[in-house]
file protein.pdb (PDB, C-alpha atoms)
MODEL        1
ATOM      1  CA  MET A  43      98.779 135.598 101.298
ATOM      2  CA  ASP A  44     100.347 134.227  98.139
ATOM      3  CA  ALA A  45     101.160 137.054  95.712
ATOM      4  CA  THR A  46      99.346 135.230  92.885
ATOM      5  CA  TYR A  47      96.048 135.779  94.719
ATOM      6  CA  LEU A  48      96.557 139.467  95.440
ATOM      7  CA  PRO A  49      94.919 140.834  92.230
ATOM      8  CA  ALA A  50      91.896 138.549  92.712
ATOM      9  CA  PHE A  51      91.564 139.578  96.368
ATOM     10  CA  ASP A  52      91.850 143.264  95.401
ATOM     11  CA  GLN A  53      89.039 142.818  92.857
ATOM     12  CA  ALA A  54      86.833 141.166  95.467
ATOM     13  CA  MET A  55      87.421 143.928  97.989
ATOM     14  CA  GLN A  56      86.868 146.611  95.341
ATOM     15  CA  PHE A  57      83.547 144.961  94.423
ATOM     16  CA  LEU A  58      82.437 145.021  98.069
ATOM     17  CA  PHE A  59      83.675 148.562  98.691
ATOM     18  CA  GLU A  60      81.973 149.998  95.605
ATOM     19  CA  ARG A  61      78.677 148.456  96.666
ATOM     20  CA  HIS A  62      78.809 148.966 100.443
ATOM     21  CA  GLY A  63      81.600 151.384 101.327
ATOM     22  CA  ASN A  64      83.101 150.634 104.711
ATOM     23  CA  SER A  65      80.068 148.597 105.846
ATOM     24  CA  ILE A  66      81.596 145.231 104.935
ATOM     25  CA  SER A  67      80.865 142.365 107.305
ATOM     26  CA  GLU A  68      81.399 138.614 107.389
ATOM     27  CA  ASP A  69      77.645 138.094 106.867
ATOM     28  CA  LEU A  70      77.735 140.305 103.780
ATOM     29  CA  VAL A  71      80.675 138.365 102.341
ATOM     30  CA  GLN A  72      78.890 135.059 102.994
ATOM     31  CA  ALA A  73      75.750 136.369 101.294
ATOM     32  CA  TYR A  74      77.711 137.324  98.164
ATOM     33  CA  CYS A  75      79.396 133.913  98.199
ATOM     34  CA  ALA A  76      75.958 132.268  98.375
ATOM     35  CA  CYS A  77      74.793 134.401  95.416
ATOM     36  CA  GLY A  78      77.822 133.373  93.372
ATOM     37  CA  TYR A  79      79.527 136.772  93.131
ATOM     38  CA  LEU A  80      82.407 135.840  95.449
ATOM     39  CA  LYS A  81      84.150 132.606  96.337
ATOM     40  CA  GLU A  82      86.930 131.462  98.585
ATOM     41  CA  VAL A  83      89.911 129.808  96.901
ATOM     42  CA  ASP A  84      92.615 128.404  99.167
ATOM     43  CA  GLY A  85      91.401 130.679 101.947
ATOM     44  CA  VAL A  86      91.467 133.827  99.778
ATOM     45  CA  LEU A  87      88.342 135.746  98.830
ATOM     46  CA  THR A  88      88.054 136.148  95.046
ATOM     47  CA  LEU A  89      85.576 137.585  92.582
ATOM     48  CA  THR A  90      83.780 135.107  90.318
ATOM     49  CA  ASP A  91      82.973 135.693  86.650
ATOM     50  CA  ALA A  92      79.452 136.691  87.701
ATOM     51  CA  GLY A  93      80.929 139.158  90.189
ATOM     52  CA  ARG A  94      83.197 140.675  87.533
ATOM     53  CA  ALA A  95      80.237 141.055  85.176
ATOM     54  CA  GLU A  96      78.226 142.772  87.923
ATOM     55  CA  LEU A  97      81.140 145.092  88.703
ATOM     56  CA  ARG A  98      81.449 146.068  85.009
ATOM     57  CA  ARG A  99      77.685 146.587  84.734
ATOM     58  CA  ARG A 100      77.662 148.750  87.833
ATOM     59  CA  ARG A 101      80.568 150.874  86.579
ATOM     60  CA  ARG A 102      78.809 151.463  83.247
ATOM     61  CA  THR A 103      75.675 152.539  85.096
ATOM     62  CA  VAL A 104      77.589 154.951  87.312
ATOM     63  CA  THR A 105      79.550 156.341  84.355
ATOM     64  CA  ALA A 106      76.378 156.873  82.308
ATOM     65  CA  SER A 107      74.688 158.798  85.139
TER      66      SER A 107
ENDMDL
END

call {"tool": "encode", "arguments": {"input": "protein.pdb", "output": "structure tokens"}}
result
Amino acid sequence: MDATYLPAFDQAMQFLFERHGNSISEDLVQAYCACGYLKEVDGVLTLTDAGRAELRRRRRTVTAS
């Protein structure tokens, strides 16, 4: 993997892990891609702007609880 994609890949995996723990599957990834939260760029899974916004929203909700 190209080092320039590593931060984006880490964000994508963090998004999935925070929402689903260790229960990440190919079908789950494809579903999030279809919803626009994740996308594949040059074969690397990345978080979209919508995914980043959802991650921030979710963190605020967890922090406020």

call {"tool": "atom_distance", "arguments": {"input": "protein.pdb", "atom1": "CA of Cys77 (chain A)", "atom2": "CA of Arg102 (chain A)"}}
result
21.3 Å

call {"tool": "closest_residue", "arguments": {"input": "protein.pdb", "among": "A:Ala54, A:Ala95, A:Thr105, A:Glu60", "to": "Cys75 (chain A)", "atoms": "all atoms listed in the file"}}
result
A:Ala54

call {"tool": "resolve_selection", "arguments": {"input": "protein.pdb", "expression": "the PyMOL selection byres ((chain A and resi 53) around 12)", "output": "list in words"}}
result
Tyr47, Leu48, Pro49, Ala50, Phe51, Asp52, Ala54, Met55, Gln56, Phe57, Leu58, Phe59, Glu60, Tyr79, Leu80, Lys81, Val86, Leu87, Thr88, Leu89, Thr90, Asp91, Gly93, Arg94, Ala95, Glu96, Leu97 and Arg98 of chain A

call {"tool": "atom_distance", "arguments": {"input": "protein.pdb", "atom1": "CA of Asp69 (chain A)", "atom2": "CA of Val83 (chain A)"}}
result
17.8 Å

call {"tool": "atom_distance", "arguments": {"input": "protein.pdb", "atom1": "CA of Arg61 (chain A)", "atom2": "CA of Glu82 (chain A)"}}
result
19.0 Å
